[in-house]
Amino acid sequence: MRNYDQRERMLKPPSRLWLALSVVLLLAGVGFLGAFGHAQYQYTKSSRDYTELQQLAASEPDSGIDFEALRAINPDTAAWLELPGLELSLPVVQAADNATYLHQGFDGSASPAGCLFFAAPGGGEDGLYRVIYGHNLHTGEMFSGLLNYRDEAFYRENPTFTLYTPEETQTYRIFSCHAATDMEDLYRTDRTKGEEYDAFLQQLLAASEYSTGAEVPSGAQVITLSTCRTSYGSGLERYVVHAYREN
């Protein structure tokens, strides 16, 4: 009799609670796959869009960058950045804040890759000290490659980069690479020339994880490239690369 009762319980249809739980789990799985697929589509679209921009930007035979065509798409276009060692060639925009282009592509559409952008103006001497932000993506795009500069040998092979503006072509020499947090003083852009500024540049040089052998000129124009230290969770940890203008 006891064995019969056990078999009967085993043959009973699942309870409503179990069915409801199964449906919830199924819907959650479908939702996760849908969200994952949509995210991957957005990354693919972003990569394709920036490849098309590279082709468009290179269509100007005189300056090398067709800023008129870029500004027709996005009036916030401020510069074009090239780091050959990272195979990086991308536009840089300037917005009134540091949030607009975190999840907005160059064309204004929603994008997990965002766009490279200058830090919002800080009220200092124009062009003296600037910060360019970019995401660290698991796809290896945008500023993900900046972390290659943790390797001194990589730095030795790739010590410079180029910034194109509508007015001129600027060459920058990297003098310091190190980890940081987004609360540090180095993100202040309200700088003016003088002893305090020169001391600040020496602090950046001393913070480098290895000696680059570079000597930063007094009053040099400096650009800091900044990204998150990991691609799956930002927190406060950043990796930064500092460079001074040579020409």
# chains A, B, ... in the order shown; residues from 1 in each chain; ligands from 1
$ closest_atom_pairs --of "stretch 127-235 of chain A" --to "stretch 102-109 of chain A" --cutoff "9 Å" --atoms "only C-alpha atoms" --output "JSON lines"
{"residue": "A:Tyr133", "atom": "CA", "partner": "A:Leu102", "partner_atom": "CA", "distance": 8.8}
{"residue": "A:Gly134", "atom": "CA", "partner": "A:Leu102", "partner_atom": "CA", "distance": 8.0}
{"residue": "A:His135", "atom": "CA", "partner": "A:Leu102", "partner_atom": "CA", "distance": 7.8}
$ write_last_selection --atoms "N, CA and C atoms" --output "mmCIF file, in the first residue's frame"
data_model
loop_
_atom_site.group_PDB
_atom_site.id
_atom_site.type_symbol
_atom_site.label_atom_id
_atom_site.label_comp_id
_atom_site.auth_asym_id
_atom_site.auth_seq_id
_atom_site.Cartn_x
_atom_site.Cartn_y
_atom_site.Cartn_z
ATOM 1 N N TYR A 133 38.024 61.236 -22.489
ATOM 2 C CA TYR A 133 37.455 60.024 -21.903
ATOM 3 C C TYR A 133 37.053 59.044 -23.003
ATOM 4 N N GLY A 134 37.156 57.759 -22.689
ATOM 5 C CA GLY A 134 36.679 56.712 -23.595
ATOM 6 C C GLY A 134 36.447 55.429 -22.826
ATOM 7 N N HIS A 135 35.497 54.626 -23.286
ATOM 8 C CA HIS A 135 35.160 53.385 -22.593
ATOM 9 C C HIS A 135 36.227 52.309 -22.789
#
$ residues_around --residues "stretch 172-177 of chain A" --least-positions-apart "3" --cutoff "6 Å" --atoms "only C-alpha atoms" --output "PDB file with N, CA and C atoms, in the first residue's frame"
ATOM      1  N   PRO A 159      55.438  55.649 -28.391  1.00  0.00           N
ATOM      2  CA  PRO A 159      55.502  56.749 -27.417  1.00  0.00           C
ATOM      3  C   PRO A 159      54.722  58.008 -27.817  1.00  0.00           C
ATOM      4  N   THR A 160      54.172  58.054 -29.018  1.00  0.00           N
ATOM      5  CA  THR A 160      53.498  59.275 -29.461  1.00  0.00           C
ATOM      6  C   THR A 160      52.126  58.969 -30.063  1.00  0.00           C
ATOM      7  N   PHE A 161      51.305  60.005 -30.157  1.00  0.00           N
ATOM      8  CA  PHE A 161      50.049  59.906 -30.889  1.00  0.00           C
ATOM      9  C   PHE A 161      49.752  61.253 -31.546  1.00  0.00           C
ATOM     10  N   LEU A 205      54.284  63.173 -13.861  1.00  0.00           N
ATOM     11  CA  LEU A 205      55.473  62.437 -14.301  1.00  0.00           C
ATOM     12  C   LEU A 205      55.929  61.458 -13.230  1.00  0.00           C
ATOM     13  N   SER A 208      54.067  57.946 -12.793  1.00  0.00           N
ATOM     14  CA  SER A 208      54.173  56.905 -13.810  1.00  0.00           C
ATOM     15  C   SER A 208      54.635  55.575 -13.221  1.00  0.00           C
ATOM     16  N   THR A 212      59.610  56.854 -18.207  1.00  0.00           N
ATOM     17  CA  THR A 212      59.542  56.991 -19.663  1.00  0.00           C
ATOM     18  C   THR A 212      60.767  57.708 -20.210  1.00  0.00           C
ATOM     19  N   ALA A 214      61.062  60.802 -20.338  1.00  0.00           N
ATOM     20  CA  ALA A 214      60.625  62.070 -20.914  1.00  0.00           C
ATOM     21  C   ALA A 214      60.816  63.207 -19.930  1.00  0.00           C
ATOM     22  N   VAL A 240      45.192  55.908 -16.819  1.00  0.00           N
ATOM     23  CA  VAL A 240      45.405  57.168 -17.519  1.00  0.00           C
ATOM     24  C   VAL A 240      46.774  57.196 -18.196  1.00  0.00           C
ATOM     25  N   VAL A 241      46.805  57.918 -19.301  1.00  0.00           N
ATOM     26  CA  VAL A 241      48.028  58.125 -20.070  1.00  0.00           C
ATOM     27  C   VAL A 241      48.158  59.628 -20.302  1.00  0.00           C
ATOM     28  N   HIS A 242      49.295  60.204 -19.888  1.00  0.00           N
ATOM     29  CA  HIS A 242      49.515  61.644 -20.025  1.00  0.00           C
ATOM     30  C   HIS A 242      50.533  61.902 -21.142  1.00  0.00           C
ATOM     31  N   ALA A 243      50.282  62.922 -21.940  1.00  0.00           N
ATOM     32  CA  ALA A 243      51.186  63.255 -23.030  1.00  0.00           C
ATOM     33  C   ALA A 243      51.265  64.770 -23.221  1.00  0.00           C
ATOM     34  N   TYR A 244      52.459  65.276 -23.567  1.00  0.00           N
ATOM     35  CA  TYR A 244      52.630  66.705 -23.821  1.00  0.00           C
ATOM     36  C   TYR A 244      52.797  66.952 -25.315  1.00  0.00           C
ATOM     37  N   ARG A 245      52.384  68.121 -25.738  1.00  0.00           N
ATOM     38  CA  ARG A 245      52.459  68.475 -27.161  1.00  0.00           C
ATOM     39  C   ARG A 245      53.895  68.798 -27.552  1.00  0.00           C
ATOM     40  N   GLU A 246      54.360  68.159 -28.613  1.00  0.00           N
ATOM     41  CA  GLU A 246      55.738  68.348 -29.059  1.00  0.00           C
ATOM     42  C   GLU A 246      55.892  69.557 -29.965  1.00  0.00           C
TER      43      GLU A 246
END
$ select_by_dssp --residues "stretch 28-173 of chain A" --states "helix (DSSP H, G or I)" --output "JSON, numbers by chain"
{"A": [28, 29, 30, 31, 32, 33, 34, 35, 36, 37, 38, 39, 40, 41, 42, 43, 44, 45, 46, 47, 48, 49, 50, 51, 52, 53, 54, 55, 56, 57, 67, 68, 69, 70, 71, 72, 73, 84, 85, 86, 144, 145, 146, 147, 148, 149, 150, 152, 153, 154, 155, 156, 157]}
$ write_last_selection --atoms "N, CA and C atoms" --output "compact mmCIF listing (two decimals), in the first residue's frame"
# COMPACT_ATOMS: atom_id res chain seq x y z
N ALA A 28 12.41 34.50 -18.01
CA ALA A 28 13.64 35.18 -17.63
C ALA A 28 14.78 34.80 -18.57
N GLY A 29 14.85 33.51 -18.93
CA GLY A 29 15.89 33.07 -19.85
C GLY A 29 15.74 33.70 -21.22
N VAL A 30 14.51 33.75 -21.71
CA VAL A 30 14.25 34.36 -23.01
C VAL A 30 14.60 35.85 -22.97
N GLY A 31 14.23 36.51 -21.86
CA GLY A 31 14.54 37.93 -21.71
C GLY A 31 16.03 38.19 -21.69
N PHE A 32 16.78 37.32 -20.97
CA PHE A 32 18.23 37.48 -20.91
C PHE A 32 18.85 37.32 -22.29
N LEU A 33 18.43 36.28 -23.01
CA LEU A 33 18.97 36.05 -24.35
C LEU A 33 18.64 37.21 -25.28
N GLY A 34 17.42 37.75 -25.13
CA GLY A 34 17.04 38.88 -25.96
C GLY A 34 17.88 40.11 -25.67
N ALA A 35 18.10 40.38 -24.38
CA ALA A 35 18.91 41.53 -23.99
C ALA A 35 20.35 41.36 -24.44
N PHE A 36 20.88 40.14 -24.29
CA PHE A 36 22.25 39.87 -24.71
C PHE A 36 22.39 40.06 -26.22
N GLY A 37 21.42 39.53 -26.96
CA GLY A 37 21.47 39.66 -28.41
C GLY A 37 21.38 41.11 -28.85
N HIS A 38 20.53 41.89 -28.17
CA HIS A 38 20.40 43.30 -28.52
C HIS A 38 21.69 44.05 -28.22
N ALA A 39 22.31 43.74 -27.08
CA ALA A 39 23.57 44.40 -26.72
C ALA A 39 24.66 44.09 -27.75
N GLN A 40 24.74 42.82 -28.16
CA GLN A 40 25.74 42.45 -29.16
C GLN A 40 25.48 43.15 -30.48
N TYR A 41 24.20 43.29 -30.83
CA TYR A 41 23.85 44.01 -32.05
C TYR A 41 24.31 45.46 -31.97
N GLN A 42 24.13 46.08 -30.80
CA GLN A 42 24.54 47.47 -30.64
C GLN A 42 26.05 47.63 -30.75
N TYR A 43 26.80 46.68 -30.17
CA TYR A 43 28.26 46.74 -30.29
C TYR A 43 28.68 46.59 -31.75
N THR A 44 28.05 45.66 -32.46
CA THR A 44 28.37 45.45 -33.87
C THR A 44 28.04 46.68 -34.69
N LYS A 45 26.88 47.27 -34.43
CA LYS A 45 26.47 48.48 -35.15
C LYS A 45 27.44 49.62 -34.88
N SER A 46 27.84 49.78 -33.62
CA SER A 46 28.77 50.84 -33.27
C SER A 46 30.09 50.68 -34.01
N SER A 47 30.61 49.45 -34.05
CA SER A 47 31.86 49.18 -34.75
C SER A 47 31.73 49.51 -36.23
N ARG A 48 30.62 49.13 -36.82
CA ARG A 48 30.38 49.41 -38.24
C ARG A 48 30.27 50.91 -38.50
N ASP A 49 29.57 51.61 -37.61
CA ASP A 49 29.38 53.05 -37.78
C ASP A 49 30.72 53.79 -37.73
N TYR A 50 31.60 53.40 -36.79
CA TYR A 50 32.88 54.09 -36.68
C TYR A 50 33.82 53.75 -37.84
N THR A 51 33.68 52.54 -38.38
CA THR A 51 34.46 52.19 -39.57
C THR A 51 34.05 53.08 -40.75
N GLU A 52 32.75 53.31 -40.88
CA GLU A 52 32.26 54.18 -41.95
C GLU A 52 32.73 55.62 -41.73
N LEU A 53 32.78 56.05 -40.47
CA LEU A 53 33.27 57.39 -40.17
C LEU A 53 34.74 57.56 -40.54
N GLN A 54 35.53 56.52 -40.30
CA GLN A 54 36.94 56.56 -40.66
C GLN A 54 37.11 56.76 -42.16
N GLN A 55 36.27 56.08 -42.93
CA GLN A 55 36.33 56.23 -44.38
C GLN A 55 35.90 57.63 -44.80
N LEU A 56 34.88 58.16 -44.13
CA LEU A 56 34.40 59.50 -44.45
C LEU A 56 35.43 60.55 -44.07
N ALA A 57 36.02 60.41 -42.90
CA ALA A 57 36.97 61.41 -42.41
C ALA A 57 38.22 61.49 -43.26
N PHE A 67 36.72 67.57 -41.65
CA PHE A 67 35.93 68.03 -40.50
C PHE A 67 34.57 68.59 -40.93
N GLU A 68 34.51 69.12 -42.13
CA GLU A 68 33.23 69.64 -42.59
C GLU A 68 32.19 68.53 -42.69
N ALA A 69 32.61 67.38 -43.22
CA ALA A 69 31.70 66.24 -43.33
C ALA A 69 31.33 65.70 -41.96
N LEU A 70 32.30 65.68 -41.02
CA LEU A 70 32.03 65.18 -39.68
C LEU A 70 31.07 66.09 -38.93
N ARG A 71 31.25 67.39 -39.07
CA ARG A 71 30.39 68.33 -38.36
C ARG A 71 28.98 68.39 -38.96
N ALA A 72 28.85 67.95 -40.21
CA ALA A 72 27.52 67.86 -40.79
C ALA A 72 26.72 66.76 -40.09
N ILE A 73 27.43 65.75 -39.57
CA ILE A 73 26.78 64.67 -38.81
C ILE A 73 26.63 65.05 -37.36
N PRO A 84 48.40 54.94 -33.55
CA PRO A 84 48.71 53.85 -34.48
C PRO A 84 49.00 52.52 -33.79
N GLY A 85 49.69 52.55 -32.65
CA GLY A 85 50.02 51.31 -31.96
C GLY A 85 48.81 50.56 -31.48
N LEU A 86 47.71 51.28 -31.24
CA LEU A 86 46.46 50.66 -30.79
C LEU A 86 45.49 50.45 -31.95
N SER A 144 39.96 50.71 -24.88
CA SER A 144 40.38 49.46 -24.23
C SER A 144 41.89 49.25 -24.34
N GLY A 145 42.45 49.62 -25.47
CA GLY A 145 43.86 49.39 -25.71
C GLY A 145 44.79 50.23 -24.86
N LEU A 146 44.28 51.25 -24.18
CA LEU A 146 45.16 52.08 -23.34
C LEU A 146 45.89 51.25 -22.30
N LEU A 147 45.26 50.16 -21.85
CA LEU A 147 45.89 49.35 -20.82
C LEU A 147 47.14 48.62 -21.32
N ASN A 148 47.37 48.63 -22.64
CA ASN A 148 48.63 48.09 -23.17
C ASN A 148 49.82 48.89 -22.67
N TYR A 149 49.56 50.14 -22.28
CA TYR A 149 50.65 50.98 -21.80
C TYR A 149 51.11 50.61 -20.40
N ARG A 150 50.51 49.61 -19.79
CA ARG A 150 51.06 49.07 -18.56
C ARG A 150 52.39 48.36 -18.83
N GLU A 152 55.92 48.42 -20.37
CA GLU A 152 56.92 49.41 -20.76
C GLU A 152 57.43 49.18 -22.18
N ALA A 153 57.55 47.91 -22.57
CA ALA A 153 58.03 47.61 -23.91
C ALA A 153 57.07 48.14 -24.97
N PHE A 154 55.77 48.05 -24.68
CA PHE A 154 54.78 48.59 -25.61
C PHE A 154 54.93 50.10 -25.72
N TYR A 155 55.14 50.76 -24.58
CA TYR A 155 55.34 52.21 -24.60
C TYR A 155 56.54 52.57 -25.46
N ARG A 156 57.65 51.84 -25.31
CA ARG A 156 58.87 52.17 -26.06
C ARG A 156 58.61 52.13 -27.57
N GLU A 157 57.72 51.25 -27.99
CA GLU A 157 57.42 51.13 -29.42
C GLU A 157 56.36 52.14 -29.89
$ closest_residue --among "A:Ala120, A:Ala199, A:Ala113, A:Ala79" --to "A:His138" --atoms "only C-alpha atoms"
A:Ala113
$ atom_distance --atom1 "atom CA of A:Leu90" --atom2 "atom CA of A:Ser218"
29.4 Å
$ select_by_dssp --residues "stretch 57-243 of chain A" --states "strand (DSSP E or B)" --output "PyMOL selection string"
chain A and resi 77-83+88-94+104+110+116-118+129-133+136+142+160-164+169-181+222-228+237-243
